[in-house]
Amino acid sequence: MRVQEGITSSSAQQIETGYTHVLKHRNLFATFDEEGFIPCGQISDCGLFAGSTRHLDCYQWNFANQENFKPLSADISDDGTILVCDAEILTGESGSESSIFLHREILLFDSDLHEKCTFRNYSDKEEIVRFTVRWGSDFSDIYEIRCGGTLVEREDRITIGDIDVSYTDARQHAYTTQIDIRGGVCCDYQSGEARIAISVPAHGKAVFSIRFSCSNQGPEAVSRVVPPAFHFAEARSSLRSRTKAFLAQTIPVRTLGYDEDAWLRKSWSDLLMLLTRTNHGMVPYAGVPWFSTLFGRDSLWTSFFMLDVAPTVAEGTLRRLAAYQATSEDQATESMKGKILHEMRDGELVRLGLNPYGLYFGAVDSTPLFIWLLGQYIRRVESRNLLHELRPAFEAALAYLLDGLERDTFLSYENRGQEGLHHQGWKDADDAIFDEQGEVMRGRIALIEAQAYAFGALQEAALLHDDPRTVERCQQAAQKLQEEFLKQFWQDDLGAGGYLAMAVADGEVSRVISSTALHALLFDILPPKYREKAVFTLNAANLESGWGLRTVAPESALYHPLSYHNGSVWPHDNAIIIAGLLQAGFTSEAARLSEQLMAAARAFSYRLPELYAGVERMGSAPSPVRYRNACAPQAWAASAVFKILPALHPETRDIQQNLDPDKQWISGMQTNLKT
């Protein structure tokens with residue numbers, strides 16, 4: 001059995017997002033409920049994940065009198081590394097005379113979740129705190145959790161030991177979750193449950209800690225790896241030292257105002273969580289929980305958004321993607337020599353052949369964006385060193401792009417395998433690309449935004465390349481692409497203006513007005529006389545929801561404001577458009593959209609999710625409507641702030657100037673990261 005139909009990288013999920021807090025380090029991430037636990041006995045997306053495998057689906061504390069446990073607060077530390085939870089435990093006979101203050105700190109480090117708990121007693125007598133810790137490991141794959149079903153039966157293969165839970169799949173790949181409890185008196189240590197008694201002296205404190213260690217090993221492993229000694233303070237210090245080292249390479253951002261600073265701070269916290277240290281440098285993983293891995297398109301756009309403040313992210317992303325560039329053709333994975341990947345995953349379903357996204361290349365836009373970002377990065381850092389290093393990858397990507405354009409006129413795609421994505425742009429849900437009658441488009445499809453990206457890539461390649469013949473080939477291909485683009489995509493039947501069609505499939509034009517058409521502004525594929533007409537679409541087609549631009553106009557046949565791609569609002573989509581509006585000189589339009597995104601950010605406590613509903617902003621909808629399955633945090637939504645705020649504050653566009661250290665927001669964050 002293969003991945004069920006409809007379970008794609010970005011198709012609408014069936015399970016509702018239920019987590020409140022998120023932590024991530026490298027390939028480990030955890031999602032918790034509002035009290036900082038992983039609820040037991042519930043179907044949810046909470047858990048501790050190593051790669052694509054859930055190692056904890058249950059982690060809960062239970063007190064003899066649960067009503068005496070009073071959660072006070074829970075939040076993520078400013079650098080995004082530690083979940084801090086505070087609670088009060090009533091200990092008097094009537095449940096109110098005296099109490100213990102509980103301070104919990106949870107962090108992820110390498111393959112471990114470690115929690116340090118400090119109990120403080122402010123009374124004149126010793127107190128004994130008794131509670132039960134419960135845990136469980138279902139070893140589900142993230143894709144199964146996402147669709148709310150089960151593709152593999154595991155119950156008979158799960159072994160519960162005194163201090164660990166283990167599972168061996170059909171390929172003899174072993175997964176283990178080991179539990180290590182320190183402090184207090186651990187009584188009746190049963191499988192999946194430990195009864196704890198903590199003695200807290202009068203006016204004193206007691207410390208209790210618990211660690212869950214995850215290991216995934218192939219059949220060649222002869223024994224389970226015992227995790228090394230773990231010290232919470234050392235791990236915390238190491239995490240914050242790495243964060244400070246990264247921030248030291250970033251460019252300060254001016255203090256702007258309360259809302260802007262709060263948004264910047266939250267976005268940076270999310271990005272520090274999602275940025276993953278690899279042997280190629282810092283790389284943004286796409287988002288939690290469904291996309292905590294490397295994506296081509298997502299990582300490239302995030303790197304572009306961060307280019308002015310952290311160019312090292314683009315450097316790491318370009319190196320990483322070059323390392324996994326396709327070197328041959330394979331229909332099952334949609335790979336062709338020179339293509340940049342769409343998605344890379346691990347996990348049981350990939351190993352069993354049930355999930356086609358292990359190393360998957362079904363993206364029409366990752367390759368031109370790779371070339372384009374390389375050019376943007378080189379211009380930004382004023383050095384061609386990375387080009388020399390990545391020359392083979394650059395040449396292979398350019399050859400793929402040029403060959404495709406010369407063969408098909410447009411940069412297009414067609415799903416050639418039985419699995420994978422039918423639509424291969426950023427809107428890749430099965431119904432995302434449709435015509436004016438509402439029919440989903442089939443065949444060989446050319447997306448409006450992909451042509452703009454290809455044009456931008458050709459322009460950059462002509463500047464980067466040293467061979468005059470290749471430069472001329474790029475220029476000729478760009479000219480031809482622009483001519484055909486205007487001929488087939490431009491439509492003149494929208495009042496006094498005009499608009500760009502969403503797609504062309506086998507000669508059939510999708511005359512649907514979409515936000516993606518305005519991506520063309522950033523890549524200069526539109527001659528000046530067309531730009532004002534294209535921007536006119538903002539008003540004429542009612543794309544604006546008041547919280548940002550919808551993906552398609554409300555008059556579209558498949559429009560639904562609560563859909564994944566057909567009427568929702570995506571912050572990264574808006575950020576691309578805002579950057580293009582600024583570049584093309586439409587500053588008032590850019591400012592108007594930015595104000596809408598600012599209002600949405602404020603409503604979401606400054607963490608813009610992956611997407612939200614395109615419901616109209618009005619008295620009956622004073623806040624944006626959530627999309628129930630959206631990832632939060634999501635890298636390209638978090639990084640969008642760096643392209644949105646400049647439209648509101650033109651002075652931030654020149655962020656390389658020397659600023660007063662007291663007015664540098666990032667410097668303030670660095671100062672607060674004590675080790």
# chains A, B, ... in the order shown; residues from 1 in each chain; ligands from 1
$ closest_atom_pairs --of "range 311-378 of chain A" --to "range 149-168 of chain A" --cutoff "12 Å" --atoms "only C-alpha atoms" --output "Markdown table"
| residue | atom | partner | partner_atom | distance |
| --- | --- | --- | --- | --- |
| A:Glu348 | CA | A:Val152 | CA | 9.0 |
| A:Leu349 | CA | A:Leu151 | CA | 8.3 |
| A:Val350 | CA | A:Leu151 | CA | 11.9 |
| A:Leu352 | CA | A:Val152 | CA | 9.7 |
| A:Gly353 | CA | A:Leu151 | CA | 11.6 |
| A:Leu354 | CA | A:Leu151 | CA | 8.3 |
| A:Asn355 | CA | A:Leu151 | CA | 10.3 |
$ select_by_dssp --residues "range 33-175 of chain A" --states "strand (DSSP E)" --output "ChimeraX atom specification"
/A:47-50,53-56,58-63,69-76,82-90,99-109,112-121,127-136,158-160,164-168,174-175
$ residues_around --residues "range 476-493 of chain A" --least-positions-apart "2" --cutoff "7 Å" --atoms "only C-alpha atoms" --output "MDAnalysis selection string"
chainID A and resid 409:410 455 458 472:474 495 497:501 525
$ write_last_selection --atoms "N, CA, C and O atoms" --output "mmCIF file, in the first residue's frame"
data_model
loop_
_atom_site.group_PDB
_atom_site.id
_atom_site.type_symbol
_atom_site.label_atom_id
_atom_site.label_comp_id
_atom_site.auth_asym_id
_atom_site.auth_seq_id
_atom_site.Cartn_x
_atom_site.Cartn_y
_atom_site.Cartn_z
ATOM 1 N N THR A 409 8.985 26.061 -24.938
ATOM 2 C CA THR A 409 8.655 27.495 -24.944
ATOM 3 C C THR A 409 8.573 28.047 -23.534
ATOM 4 O O THR A 409 9.219 29.045 -23.197
ATOM 5 N N PHE A 410 7.730 27.420 -22.685
ATOM 6 C CA PHE A 410 7.594 27.863 -21.303
ATOM 7 C C PHE A 410 8.249 26.848 -20.363
ATOM 8 O O PHE A 410 8.473 25.692 -20.729
ATOM 9 N N PHE A 455 12.548 33.852 -16.095
ATOM 10 C CA PHE A 455 13.082 35.077 -16.694
ATOM 11 C C PHE A 455 14.130 35.696 -15.773
ATOM 12 O O PHE A 455 15.219 36.093 -16.213
ATOM 13 N N LEU A 458 17.331 33.657 -15.882
ATOM 14 C CA LEU A 458 18.102 33.888 -17.112
ATOM 15 C C LEU A 458 18.842 35.217 -17.046
ATOM 16 O O LEU A 458 20.000 35.328 -17.495
ATOM 17 N N GLU A 472 24.848 34.954 -24.388
ATOM 18 C CA GLU A 472 23.959 35.276 -25.506
ATOM 19 C C GLU A 472 22.768 34.320 -25.543
ATOM 20 O O GLU A 472 21.629 34.741 -25.803
ATOM 21 N N ARG A 473 23.022 33.060 -25.249
ATOM 22 C CA ARG A 473 21.931 32.077 -25.233
ATOM 23 C C ARG A 473 20.920 32.425 -24.147
ATOM 24 O O ARG A 473 19.702 32.319 -24.366
ATOM 25 N N CYS A 474 21.393 32.839 -22.980
ATOM 26 C CA CYS A 474 20.497 33.241 -21.890
ATOM 27 C C CYS A 474 19.680 34.471 -22.288
ATOM 28 O O CYS A 474 18.467 34.544 -22.035
ATOM 29 N N GLY A 495 -12.056 45.371 -17.831
ATOM 30 C CA GLY A 495 -12.335 46.792 -17.805
ATOM 31 C C GLY A 495 -11.259 47.586 -18.515
ATOM 32 O O GLY A 495 -10.804 47.241 -19.603
ATOM 33 N N GLY A 497 -8.246 47.944 -17.473
ATOM 34 C CA GLY A 497 -6.915 47.400 -17.211
ATOM 35 C C GLY A 497 -6.651 46.139 -17.998
ATOM 36 O O GLY A 497 -7.021 45.998 -19.161
ATOM 37 N N GLY A 498 -6.039 45.198 -17.345
ATOM 38 C CA GLY A 498 -5.712 43.912 -17.924
ATOM 39 C C GLY A 498 -5.199 43.043 -16.812
ATOM 40 O O GLY A 498 -5.030 43.493 -15.679
ATOM 41 N N TYR A 499 -4.969 41.802 -17.111
ATOM 42 C CA TYR A 499 -4.470 40.922 -16.065
ATOM 43 C C TYR A 499 -3.698 39.776 -16.687
ATOM 44 O O TYR A 499 -3.759 39.527 -17.898
ATOM 45 N N LEU A 500 -2.962 39.087 -15.851
ATOM 46 C CA LEU A 500 -2.178 37.939 -16.269
ATOM 47 C C LEU A 500 -2.897 36.666 -15.849
ATOM 48 O O LEU A 500 -3.314 36.523 -14.692
ATOM 49 N N ALA A 501 -3.070 35.756 -16.800
ATOM 50 C CA ALA A 501 -3.742 34.492 -16.518
ATOM 51 C C ALA A 501 -2.913 33.652 -15.556
ATOM 52 O O ALA A 501 -1.692 33.789 -15.469
ATOM 53 N N ILE A 525 9.805 40.762 -15.636
ATOM 54 C CA ILE A 525 9.399 40.193 -16.920
ATOM 55 C C ILE A 525 8.349 41.067 -17.603
ATOM 56 O O ILE A 525 8.168 41.010 -18.815
#
$ residues_around --residues "Ala541 in chain A" --least-positions-apart "2" --cutoff "8 Å" --atoms "only C-alpha atoms" --output "PyMOL selection string"
chain A and resi 513+537-539+543+553-555
$ write_last_selection --atoms "N, CA, C and O atoms" --output "PDB file, in the first residue's frame"
ATOM      1  N   ILE A 513      -7.908  35.081 -12.183  1.00  0.00           N
ATOM      2  CA  ILE A 513      -7.084  36.141 -11.600  1.00  0.00           C
ATOM      3  C   ILE A 513      -6.523  35.647 -10.274  1.00  0.00           C
ATOM      4  O   ILE A 513      -7.274  35.232  -9.382  1.00  0.00           O
ATOM      5  N   THR A 537      -5.167  45.226 -10.996  1.00  0.00           N
ATOM      6  CA  THR A 537      -5.880  44.012 -10.615  1.00  0.00           C
ATOM      7  C   THR A 537      -6.136  43.964  -9.116  1.00  0.00           C
ATOM      8  O   THR A 537      -7.125  43.387  -8.659  1.00  0.00           O
ATOM      9  N   LEU A 538      -5.246  44.570  -8.330  1.00  0.00           N
ATOM     10  CA  LEU A 538      -5.415  44.575  -6.882  1.00  0.00           C
ATOM     11  C   LEU A 538      -6.797  45.077  -6.477  1.00  0.00           C
ATOM     12  O   LEU A 538      -7.446  44.530  -5.583  1.00  0.00           O
ATOM     13  N   ASN A 539      -7.256  46.126  -7.147  1.00  0.00           N
ATOM     14  CA  ASN A 539      -8.552  46.704  -6.817  1.00  0.00           C
ATOM     15  C   ASN A 539      -9.677  46.105  -7.644  1.00  0.00           C
ATOM     16  O   ASN A 539     -10.739  45.763  -7.131  1.00  0.00           O
ATOM     17  N   LEU A 543      -9.017  41.182  -4.878  1.00  0.00           N
ATOM     18  CA  LEU A 543      -8.094  40.219  -4.286  1.00  0.00           C
ATOM     19  C   LEU A 543      -7.814  40.525  -2.811  1.00  0.00           C
ATOM     20  O   LEU A 543      -7.527  39.624  -2.035  1.00  0.00           O
ATOM     21  N   ALA A 553      -9.195  35.481  -6.907  1.00  0.00           N
ATOM     22  CA  ALA A 553     -10.293  36.429  -6.745  1.00  0.00           C
ATOM     23  C   ALA A 553     -11.575  35.710  -6.320  1.00  0.00           C
ATOM     24  O   ALA A 553     -11.810  34.567  -6.709  1.00  0.00           O
ATOM     25  N   PRO A 554     -12.419  36.368  -5.522  1.00  0.00           N
ATOM     26  CA  PRO A 554     -13.669  35.751  -5.061  1.00  0.00           C
ATOM     27  C   PRO A 554     -14.604  35.323  -6.188  1.00  0.00           C
ATOM     28  O   PRO A 554     -15.454  34.458  -5.981  1.00  0.00           O
ATOM     29  N   GLU A 555     -14.459  35.938  -7.355  1.00  0.00           N
ATOM     30  CA  GLU A 555     -15.319  35.566  -8.479  1.00  0.00           C
ATOM     31  C   GLU A 555     -14.872  34.268  -9.154  1.00  0.00           C
ATOM     32  O   GLU A 555     -15.561  33.751 -10.038  1.00  0.00           O
TER      33      GLU A 555
END
$ closest_residue --among "A:Ala613, A:Ile577, A:Leu90, A:Leu390" --to "Ala64 in chain A" --atoms "only C-alpha atoms"
A:Leu90
$ residues_around --residues "Gln634 in chain A" --least-positions-apart "5" --cutoff "6 Å" --atoms "only C-alpha atoms" --output "ChimeraX atom specification"
/A:286-287,610
$ write_last_selection --atoms "N, CA, C and O atoms" --output "PDB file, in the first residue's frame"
ATOM      1  N   ALA A 286      11.278  23.991   6.634  1.00  0.00           N
ATOM      2  CA  ALA A 286      10.098  24.729   6.199  1.00  0.00           C
ATOM      3  C   ALA A 286       9.150  25.097   7.334  1.00  0.00           C
ATOM      4  O   ALA A 286       8.741  26.249   7.452  1.00  0.00           O
ATOM      5  N   GLY A 287       8.765  24.124   8.180  1.00  0.00           N
ATOM      6  CA  GLY A 287       7.805  24.465   9.215  1.00  0.00           C
ATOM      7  C   GLY A 287       7.436  23.271  10.066  1.00  0.00           C
ATOM      8  O   GLY A 287       7.683  22.124   9.709  1.00  0.00           O
ATOM      9  N   GLU A 610       1.472  29.768   8.486  1.00  0.00           N
ATOM     10  CA  GLU A 610       1.693  29.408   7.077  1.00  0.00           C
ATOM     11  C   GLU A 610       0.662  30.070   6.169  1.00  0.00           C
ATOM     12  O   GLU A 610       0.985  30.596   5.108  1.00  0.00           O
TER      13      GLU A 610
END
